[in-house]
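Printed here is my_file03.cif (mmCIF, C-alpha atoms and all ligand atoms):
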data_entry
loop_
_atom_site.label_atom_id
_atom_site.label_comp_id
_atom_site.auth_asym_id
_atom_site.auth_seq_id
_atom_site.Cartn_x
_atom_site.Cartn_y
_atom_site.Cartn_z
CA MET A 27 7.45 0.82 13.36
CA THR A 28 7.85 0.77 9.59
CA VAL A 29 5.78 3.60 8.17
CA ILE A 30 4.44 2.43 4.83
CA HIS A 31 1.69 4.41 3.21
CA LEU A 32 -0.47 4.09 0.17
CA LYS A 33 1.84 4.86 -2.73
CA LEU A 34 -0.60 7.20 -4.44
CA HIS A 35 1.47 10.16 -5.52
CA ALA A 36 3.36 8.49 -8.33
CA SER A 37 0.78 6.02 -9.49
CA GLN A 38 -2.54 7.87 -9.69
CA HIS A 39 -3.29 7.98 -13.36
CA ALA A 40 -6.30 8.53 -15.59
CA ALA A 41 -8.70 5.60 -15.76
CA VAL A 42 -7.84 2.80 -18.16
CA ALA A 43 -9.35 -0.68 -18.32
CA PRO A 44 -7.77 -2.65 -15.44
CA ASP A 45 -6.32 -6.09 -16.11
CA GLN A 46 -7.22 -7.30 -12.64
CA ALA A 47 -9.15 -5.36 -10.02
CA LEU A 48 -7.84 -5.30 -6.46
CA GLY A 49 -10.00 -7.51 -4.24
CA ASP A 50 -11.12 -6.14 -0.87
CA ARG A 51 -10.58 -9.36 1.13
CA PHE A 52 -7.35 -9.53 3.10
CA ALA A 53 -6.35 -11.73 6.03
CA PHE A 54 -3.65 -11.24 8.64
CA HIS A 55 -1.73 -13.00 11.38
CA CYS A 56 0.99 -11.40 13.51
CA SER A 57 3.61 -13.83 14.77
CA ALA A 58 5.31 -11.00 16.72
CA CYS A 59 8.48 -11.46 14.66
CA GLY A 60 9.40 -7.80 15.26
CA GLN A 61 10.42 -7.19 11.62
CA CYS A 62 8.16 -4.15 11.25
CA CYS A 63 9.46 -2.70 14.55
CA ASN A 64 12.56 -1.43 12.78
CA THR A 65 11.92 2.24 13.57
CA PRO A 66 10.32 3.97 16.58
CA PRO A 67 6.57 4.63 16.39
CA LEU A 68 4.35 7.66 15.90
CA LEU A 69 2.88 8.88 19.19
CA THR A 70 -0.07 10.87 20.43
CA LEU A 71 0.61 13.72 22.86
CA ALA A 72 -0.49 11.58 25.83
CA GLU A 73 1.90 8.83 24.71
CA LEU A 74 4.73 11.31 24.12
CA LEU A 75 4.45 12.44 27.75
CA ARG A 76 3.96 8.92 29.08
CA PHE A 77 7.07 7.65 27.32
CA GLU A 78 9.22 10.72 28.10
CA SER A 79 12.12 8.58 29.37
CA ARG A 80 11.73 5.84 26.76
CA PHE A 81 11.44 7.62 23.41
CA ILE A 82 13.17 10.74 22.10
CA GLY A 83 10.31 12.78 20.69
CA ALA A 84 10.22 14.91 17.54
CA LEU A 85 7.73 16.85 15.47
CA ALA A 86 7.13 15.01 12.19
CA LEU A 87 5.77 16.42 8.91
CA ARG A 88 4.65 14.43 5.88
CA ARG A 89 2.68 15.07 2.71
CA VAL A 90 -0.30 12.76 2.21
CA PRO A 91 -1.77 12.50 -1.30
CA ARG A 92 -5.48 13.18 -1.78
CA LEU A 93 -7.42 10.62 -3.79
CA ILE A 94 -9.22 11.74 -6.93
CA ALA A 95 -12.38 9.95 -8.08
CA GLY A 96 -12.02 8.24 -11.44
CA ARG A 97 -8.26 7.79 -11.13
CA GLN A 98 -6.61 4.40 -10.85
CA ILE A 99 -3.76 3.25 -8.69
CA THR A 100 -1.72 0.08 -8.99
CA LEU A 101 -1.18 -1.84 -5.77
CA ALA A 102 0.52 -5.24 -5.55
CA GLY A 103 0.06 -5.61 -9.31
CA LYS A 104 -3.70 -5.01 -9.15
CA GLN A 105 -5.76 -1.99 -10.18
CA LEU A 106 -7.90 0.04 -7.82
CA THR A 107 -10.30 2.59 -9.32
CA ILE A 108 -11.00 5.46 -6.92
CA THR A 109 -14.73 6.08 -6.51
CA ALA A 110 -16.51 9.28 -5.47
CA ASP A 111 -17.32 7.58 -2.13
CA ASP A 112 -13.59 6.80 -1.61
CA GLU A 113 -12.72 10.44 -2.28
CA THR A 114 -15.45 11.72 0.07
CA ALA A 115 -14.55 9.29 2.87
CA GLN A 116 -10.89 10.26 2.67
CA ARG A 117 -11.67 13.99 2.59
CA THR A 118 -13.91 13.65 5.66
CA LEU A 119 -11.13 11.92 7.58
CA PHE A 120 -8.42 14.33 6.39
CA ASP A 121 -10.56 17.29 7.54
CA THR A 122 -10.34 16.09 11.16
CA LEU A 123 -6.84 14.58 11.18
CA LEU A 124 -4.69 16.52 8.69
CA PHE A 125 -4.05 20.08 7.56
CA ALA A 126 -4.23 22.03 4.34
CA ALA A 127 -1.11 22.20 2.23
CA PRO A 128 0.17 25.77 1.56
CA GLY A 129 -1.47 25.67 -1.90
CA GLY A 130 -4.79 24.44 -0.48
CA ASP A 131 -6.59 21.28 -1.65
CA SER A 132 -5.58 21.99 -5.24
CA ALA A 133 -1.98 21.17 -4.27
CA GLY A 134 -3.03 17.51 -4.33
CA ASP A 135 -1.62 16.81 -0.88
CA ALA A 136 -2.69 17.24 2.71
CA LEU A 137 -0.17 17.91 5.47
CA GLN A 138 0.28 15.52 8.39
CA ILE A 139 1.69 17.11 11.55
CA ALA A 140 2.51 14.30 13.94
CA LEU A 141 4.56 13.41 16.99
CA GLN A 142 7.16 10.75 16.43
CA ALA A 143 9.70 8.82 18.45
CA VAL A 144 13.12 8.94 16.77
CA ASP A 145 16.37 7.04 17.11
CA TYR A 146 19.56 6.37 15.15
CA PRO A 147 18.58 4.98 11.71
CA SER A 148 21.65 2.71 11.78
CA LEU A 149 20.13 0.75 14.69
CA GLN A 150 17.11 -0.20 12.57
CA ALA A 151 15.13 -0.97 15.72
CA CYS A 152 12.53 0.61 17.93
CA PRO A 153 14.07 1.32 21.36
CA ALA A 154 11.18 -0.59 22.97
CA LEU A 155 12.27 -3.89 21.40
CA ASP A 156 13.77 -6.24 24.00
CA ALA A 157 16.67 -8.67 23.55
CA GLN A 158 14.28 -11.28 22.06
CA ARG A 159 13.02 -8.62 19.59
CA LEU A 160 9.65 -8.56 21.31
CA CYS A 161 7.87 -5.34 22.26
CA SER A 162 8.66 -4.56 25.90
CA LEU A 163 5.54 -2.34 26.04
CA HIS A 164 3.15 -5.05 24.93
CA ALA A 165 1.90 -5.91 28.44
CA SER A 166 1.74 -2.34 29.77
CA GLY A 167 0.24 -0.78 26.63
CA LYS A 168 1.84 -0.09 23.24
CA PRO A 169 1.33 3.21 21.39
CA GLY A 170 -1.98 3.35 19.53
CA ALA A 171 -0.15 3.55 16.18
CA CYS A 172 1.33 0.10 16.91
CA ASN A 173 -2.08 -1.31 17.89
CA VAL A 174 -3.47 -0.65 14.40
CA VAL A 175 -0.52 -2.05 12.40
CA PRO A 176 -0.75 -3.14 9.59
CA LEU A 177 -3.67 -0.74 9.03
CA ASP A 178 -3.42 3.04 8.60
CA ALA A 179 -5.68 5.23 10.76
CA LEU A 180 -5.35 8.10 8.26
CA GLN A 181 -7.20 6.17 5.56
CA PRO A 182 -10.94 5.37 5.72
CA ASP A 183 -12.08 1.84 6.53
CA ARG A 184 -13.27 1.33 2.95
CA LEU A 185 -9.63 1.75 1.76
CA GLN A 186 -7.86 -0.40 4.35
CA HIS A 187 -7.66 -3.24 1.81
CA ALA A 188 -5.59 -0.85 -0.35
CA VAL A 189 -3.34 -0.14 2.65
CA LEU A 190 -2.85 -3.89 3.12
CA ALA A 191 -2.12 -4.40 -0.58
CA SER A 192 0.47 -1.61 -0.39
CA ARG A 193 2.07 -3.04 2.75
CA SER A 194 2.05 -6.62 1.49
CA ASN A 195 4.69 -5.51 -1.03
CA ASP A 196 6.97 -4.03 1.65
CA HIS A 197 9.87 -6.36 2.35
CA ASP A 198 9.32 -6.49 6.14
CA TYR A 199 5.73 -7.67 5.85
CA LEU A 200 6.54 -9.75 2.77
CA ASP A 201 9.27 -11.67 4.61
CA ALA A 202 7.00 -12.19 7.61
CA GLY A 203 4.15 -13.41 5.37
CA CYS A 204 1.65 -11.86 7.76
CA ILE A 205 -0.66 -10.27 5.14
CA SER A 206 -2.44 -12.46 2.63
CA ALA A 207 -4.79 -11.43 -0.17
CA GLY A 208 -8.11 -13.21 -0.57
CA THR A 209 -9.95 -15.37 1.91
CA ALA A 210 -8.09 -16.41 5.04
CA THR A 211 -5.31 -18.96 4.66
CA THR A 212 -4.34 -21.25 7.54
CA GLY A 213 -3.58 -19.27 10.68
CA HIS A 214 -4.66 -15.95 9.11
CA ALA A 215 -7.87 -14.26 10.25
CA PRO A 216 -10.02 -12.10 7.95
CA LEU A 217 -9.14 -8.44 8.39
CA THR A 218 -10.94 -6.63 5.55
CA ALA A 219 -13.94 -7.64 3.45
CA ASP A 220 -16.91 -6.01 1.75
CA GLY A 221 -15.44 -2.51 2.02
CA THR A 222 -14.85 -2.55 5.77
CA VAL A 223 -12.60 -3.78 8.57
CA VAL A 224 -14.11 -7.02 9.87
CA ASP A 225 -11.69 -7.95 12.67
CA LEU A 226 -13.24 -7.34 16.10
CA HIS A 227 -9.98 -6.01 17.58
CA TYR A 228 -8.87 -3.81 14.69
CA HIS A 229 -12.20 -2.11 14.02
CA PRO A 230 -12.42 -0.42 17.47
CA ALA A 231 -8.62 0.09 17.61
CA LEU A 232 -8.81 2.17 14.41
CA GLN A 233 -11.70 4.25 15.78
CA GLN A 234 -9.80 4.82 19.04
CA GLN A 235 -6.62 5.87 17.26
CA ARG A 236 -8.50 8.30 15.00
CA ALA A 237 -10.25 9.81 18.05
CA ALA A 238 -6.86 10.31 19.77
CA LEU A 239 -5.39 11.90 16.62
CA ALA A 240 -8.45 14.16 16.20
CA ALA A 241 -8.04 15.32 19.83
CA ASP A 242 -4.37 16.13 19.15
CA HIS A 243 -5.37 17.96 15.94
CA ALA A 244 -7.69 20.22 17.96
CA HIS A 245 -5.57 20.46 21.13
CA TRP A 246 -2.19 21.49 19.71
CA GLY A 247 -2.10 20.68 15.98
CA LYS A 248 -3.98 23.72 14.71
CA GLN A 249 -1.81 26.13 16.67
CA VAL A 250 1.42 24.44 15.60
CA HIS A 251 0.17 24.50 11.99
CA ALA A 252 -0.34 28.26 12.34
CA VAL A 253 3.17 28.67 13.77
CA LEU A 254 4.67 26.72 10.83
CA ALA A 255 2.46 28.24 8.10
CA ASP A 256 4.84 31.00 6.98
CA ALA A 257 7.82 28.63 6.77
CA LEU A 258 5.78 26.05 4.82
CA ARG A 259 4.71 28.66 2.25
CA ASP A 260 8.35 28.83 1.16
CA PRO A 261 8.44 26.44 -1.86
CA ALA A 262 11.95 25.29 -0.95
CA MET A 263 10.76 24.31 2.53
CA TRP A 264 7.63 22.60 1.20
CA GLN A 265 9.77 20.52 -1.15
CA ARG A 266 11.65 19.16 1.87
CA ILE A 267 8.46 17.59 3.27
CA PRO A 268 8.42 14.00 1.97
CA HIS A 269 5.58 11.68 0.97
CA ASP A 270 7.41 8.63 2.31
CA GLY A 271 8.92 9.07 5.74
CA PHE A 272 8.86 12.28 7.76
CA PHE A 273 10.67 15.60 8.01
CA ASN A 274 11.60 15.97 11.68
CA LEU A 275 11.84 19.12 13.77
CA SER A 276 12.38 19.85 17.45
CA LEU A 277 9.28 19.56 19.66
CA VAL A 278 9.73 23.11 20.98
CA PRO A 279 6.71 24.56 19.03
CA VAL A 280 4.46 21.84 20.51
CA LEU A 281 5.76 22.39 24.05
CA ALA A 282 5.30 26.16 23.69
CA VAL A 283 1.64 25.64 22.70
CA LEU A 284 1.12 23.09 25.47
CA ALA A 285 2.77 25.26 28.15
CA ALA A 286 0.42 28.15 27.31
CA SER A 287 -2.71 25.95 27.44
CA ALA A 288 -3.19 25.76 31.24
CA PRO A 289 -1.45 27.06 34.40
CA HIS A 290 -0.11 23.64 35.42
CA ARG A 291 1.30 22.88 31.96
CA PRO A 292 4.67 24.72 32.15
CA ALA A 293 5.71 22.45 35.04
CA ARG A 294 4.70 19.35 33.07
CA CYS A 295 6.59 20.60 30.01
CA LEU A 296 9.63 21.30 32.19
CA GLN A 297 9.51 17.72 33.50
CA TYR A 298 9.34 16.47 29.89
CA VAL A 299 12.26 18.66 28.79
CA ASP A 300 14.44 17.43 31.67
CA ALA A 301 13.58 13.78 30.93
CA GLN A 302 14.39 14.32 27.24
CA LEU A 303 17.70 16.06 27.97
CA GLN A 304 18.73 13.08 30.10
CA LEU A 305 17.60 10.56 27.46
CA ILE A 306 19.37 12.47 24.68
CA GLU A 307 22.57 12.57 26.74
CA HIS A 308 22.49 8.77 27.26
CA THR A 309 21.63 8.16 23.61
CA LEU A 310 24.49 10.40 22.42
CA ALA A 311 26.94 8.66 24.78
CA ALA A 312 25.94 5.23 23.42
CA ALA A 313 26.32 6.48 19.84
CA LEU A 314 29.77 7.93 20.54
CA ALA A 315 30.81 4.55 21.98
CA ARG A 316 29.53 2.76 18.82
CA LYS A 317 31.56 5.11 16.56
CA HIS A 318 29.34 4.42 13.52
CA PRO A 319 30.20 6.97 10.76
CA ALA A 320 26.61 6.93 9.46
CA ASP A 321 25.40 8.22 12.84
CA LYS A 322 26.88 11.72 12.45
CA PRO A 323 23.82 13.45 10.92
CA PHE A 324 21.47 12.11 13.59
CA THR A 325 23.98 13.03 16.33
CA ALA A 326 23.89 16.61 15.01
CA GLN A 327 20.06 16.46 14.98
CA LEU A 328 19.95 15.30 18.61
CA ARG A 329 22.40 18.00 19.68
CA GLY A 330 20.13 20.53 17.98
CA TYR A 331 17.14 19.21 19.94
CA ALA A 332 19.12 19.44 23.20
CA GLN A 333 20.12 23.05 22.44
CA ALA A 334 16.52 23.97 21.65
CA TYR A 335 15.37 22.43 24.94
CA GLN A 336 18.10 24.28 26.87
CA ALA A 337 16.94 27.55 25.30
CA LEU A 338 13.29 26.85 26.18
CA ARG A 339 13.97 25.63 29.71
CA PRO A 340 14.36 29.05 31.50
CA GLN A 341 10.98 30.24 30.15
CA LEU A 342 9.27 27.06 31.30
CA ALA A 343 10.93 27.31 34.72
CA HIS A 344 9.85 30.97 35.02
CA HIS A 345 6.19 30.20 34.13
CA ALA A 346 6.13 27.08 36.34
CA ALA A 347 7.39 29.12 39.33
CA ALA A 348 4.85 31.89 38.63
CA ALA A 349 2.01 29.34 38.50
CA LEU A 350 3.19 27.86 41.79
CA ARG A 351 3.26 31.30 43.47
CA HIS A 352 -0.19 32.08 42.09
CA SER A 353 -1.67 28.86 43.45
CA ALA A 354 -0.04 29.26 46.92
S1 LIG B 401 6.52 0.28 20.59
FE1 LIG B 401 6.58 -1.96 20.43
S2 LIG B 401 5.14 -2.49 18.77
FE2 LIG B 401 5.62 -0.28 18.61
S3 LIG B 401 7.33 -0.16 17.14
FE3 LIG B 401 8.21 -0.24 19.22
S4 LIG B 401 8.62 -2.43 19.61
FE4 LIG B 401 7.19 -2.31 17.85
S1 LIG B 402 6.13 -7.98 10.35
FE1 LIG B 402 4.04 -8.81 10.49
S2 LIG B 402 4.28 -10.66 11.78
FE2 LIG B 402 6.12 -9.43 12.09
S3 LIG B 402 5.65 -8.15 13.93
FE3 LIG B 402 5.12 -6.93 12.09
S4 LIG B 402 2.93 -7.31 11.78
FE4 LIG B 402 3.68 -8.97 13.14
#

Final structure tokens representation of the file:
Amino acid sequence: MTVIHLKLHASQHAAVAPDQALGDRFAFHCSACGQCCNTPPLLTLAELLRFESRFIGALALRRVPRLIAGRQITLAGKQLTITADDETAQRTLFDTLLFAAPGGDSAGDALQIALQAVDYPSLQACPALDAQRLCSLHASGKPGACNVVPLDALQPDRLQHAVLASRSNDHDYLDAGCISAGTATTGHAPLTADGTVVDLHYHPALQQQRAALAADHAHWGKQVHAVLADALRDPAMWQRIPHDGFFNLSLVPVLAVLAASAPHRPARCLQYVDAQLQLIEHTLAAALARKHPADKPFTAQLRGYAQAYQALRPQLAHHAAAALRHSA
């Protein structure tokens, strides 16, 4: 799933008189062309476990710019002036879904700590796409992140028109012609208007996705943030966290937190690790058969994940066996 975010970091600038203000009416129609399914999706913890044999999981870090009231951003050639209400709505959402940057709020960014499916970039496809480039998970239930596309659950409803303006300039969505500014054109249904999301499917889907992300934030996110805090305080490390795209790490810190959360969890984590080791082995074998030179860095990344899982496995097996003895 193409991850396109509000391009705020480079374009926030002091207020000047806008030539044309960005309208808040956008319409949308998905023809299921699959063009935006060119990378694997973000996942919640429940989805990560559910899709243990489908998606290779990774920890994903990204910097998300904070809006500043009075500033202007340019989106799709139009000007958007950030209001105090925009800033407050975003801060409220960030407080439940994101984390403080090492420099605090004054750093201008918040930190997203997410779970992400990953695959070889050279494939330019989500592994769940079938031969007809349709989502094979559509009938059984796609990840929540896919259910809200082209919206962004990290931004408040009052700014979803800005998300759509930003995405309408991305070549995948542009080629598909699925996002249109203004009142609905033929075949497109209104998606945003009057500062809110008006579509009856997308409005609850956004709420549901935010609730799932907030649960992850509380369940494992805070502890993983604490584990990573020292490393992120290193300026060189912080500079490696991008605004566009994600910095990926092994899932071991998440599994360690999860395994310690309840007596039955080490066994579940062990099951996940074994499924991932098998999936990584198959994925590496397919890549070696393709012999694509550009695949080498990701092959090294996957081997690193497999080594980290092999190192974690004995501890999980030990704790799973102890929990079994205790319950007998
Ligand atoms: S899970 Fe389905 S909808 Fe989501 S990115 Fe993959 S193919 Fe697309
Ligand atoms: S690019 Fe647009 S039309 Fe194509 S699958 Fe994605 S959202 Fe649907």

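Among the candidates A:Leu177, A:Leu305, A:Leu258, A:Leu232, the one nearest to Leu137 (chain A) when counting only C-alpha atoms is A:Leu258.
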
Please identify every polymer residue within 6 Å of ligand LIG 402 (chain B), using only C-alpha atoms and all ligand atoms, and present the set as a compact mmCIF listing (two decimals) with C-alpha atoms, in the frame of the given file.
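Result went into result-v1.txt, see below:
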# COMPACT_ATOMS: atom_id res chain seq x y z
CA CYS A 56 0.99 -11.40 13.51
CA SER A 57 3.61 -13.83 14.77
CA ALA A 58 5.31 -11.00 16.72
CA CYS A 59 8.48 -11.46 14.66
CA GLY A 60 9.40 -7.80 15.26
CA GLN A 61 10.42 -7.19 11.62
CA CYS A 62 8.16 -4.15 11.25
CA PRO A 176 -0.75 -3.14 9.59
CA ASP A 198 9.32 -6.49 6.14
CA TYR A 199 5.73 -7.67 5.85
CA ALA A 202 7.00 -12.19 7.61
CA CYS A 204 1.65 -11.86 7.76

>> Taking all atoms listed in the file and a cut-off of 7 Å, can you tell me which residues surround ligand LIG 401 (chain B), written as a ChimeraX atom specification?
In response: /A:27,60,62-67,152-155,160-164,168-169,172

Using C-alpha atoms, can you write the selected residues to a file as a JSON list (two decimals), keeping the file's coordinate frame?
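The resulting selection.json:
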[["chain", "number", "residue", "atom", "x", "y", "z"],
["A", 27, "MET", "CA", 7.45, 0.82, 13.36],
["A", 60, "GLY", "CA", 9.40, -7.80, 15.26],
["A", 62, "CYS", "CA", 8.16, -4.15, 11.25],
["A", 63, "CYS", "CA", 9.46, -2.70, 14.55],
["A", 64, "ASN", "CA", 12.56, -1.43, 12.78],
["A", 65, "THR", "CA", 11.92, 2.24, 13.57],
["A", 66, "PRO", "CA", 10.32, 3.97, 16.58],
["A", 67, "PRO", "CA", 6.57, 4.63, 16.39],
["A", 152, "CYS", "CA", 12.53, 0.61, 17.93],
["A", 153, "PRO", "CA", 14.07, 1.32, 21.36],
["A", 154, "ALA", "CA", 11.18, -0.59, 22.97],
["A", 155, "LEU", "CA", 12.27, -3.89, 21.40],
["A", 160, "LEU", "CA", 9.65, -8.56, 21.31],
["A", 161, "CYS", "CA", 7.87, -5.34, 22.26],
["A", 162, "SER", "CA", 8.66, -4.56, 25.90],
["A", 163, "LEU", "CA", 5.54, -2.34, 26.04],
["A", 164, "HIS", "CA", 3.15, -5.05, 24.93],
["A", 168, "LYS", "CA", 1.84, -0.09, 23.24],
["A", 169, "PRO", "CA", 1.33, 3.21, 21.39],
["A", 172, "CYS", "CA", 1.33, 0.10, 16.91]]

>> Please return as a ChimeraX atom specification every residue within 8 Å of (-9.5, 15.6, 1.6), taking into account only C-alpha atoms and the file's own coordinates.
In response: /A:92-93,113-114,116-121,131,136

So that each row is one residue of region 112-158 of chain A with an atom at most 8 Å from region 236-245 of chain A, can you give its shortest atom pair and the distance in Å to one decimal, using all atoms listed in the file, rows by chain and rising number, as JSON lines?
{"residue": "A:Thr122", "atom": "CA", "partner": "A:Ala240", "partner_atom": "CA", "distance": 5.7}
{"residue": "A:Leu123", "atom": "CA", "partner": "A:Ala240", "partner_atom": "CA", "distance": 5.3}
{"residue": "A:Leu124", "atom": "CA", "partner": "A:His243", "partner_atom": "CA", "distance": 7.4}

Take the residues just selected and output them with C-alpha atoms as a short mmCIF file (atom, residue, chain, number, x, y, z; two decimals), in the coordinates of the input.
data_model
loop_
_atom_site.label_atom_id
_atom_site.label_comp_id
_atom_site.auth_asym_id
_atom_site.auth_seq_id
_atom_site.Cartn_x
_atom_site.Cartn_y
_atom_site.Cartn_z
CA THR A 122 -10.34 16.09 11.16
CA LEU A 123 -6.84 14.58 11.18
CA LEU A 124 -4.69 16.52 8.69
#
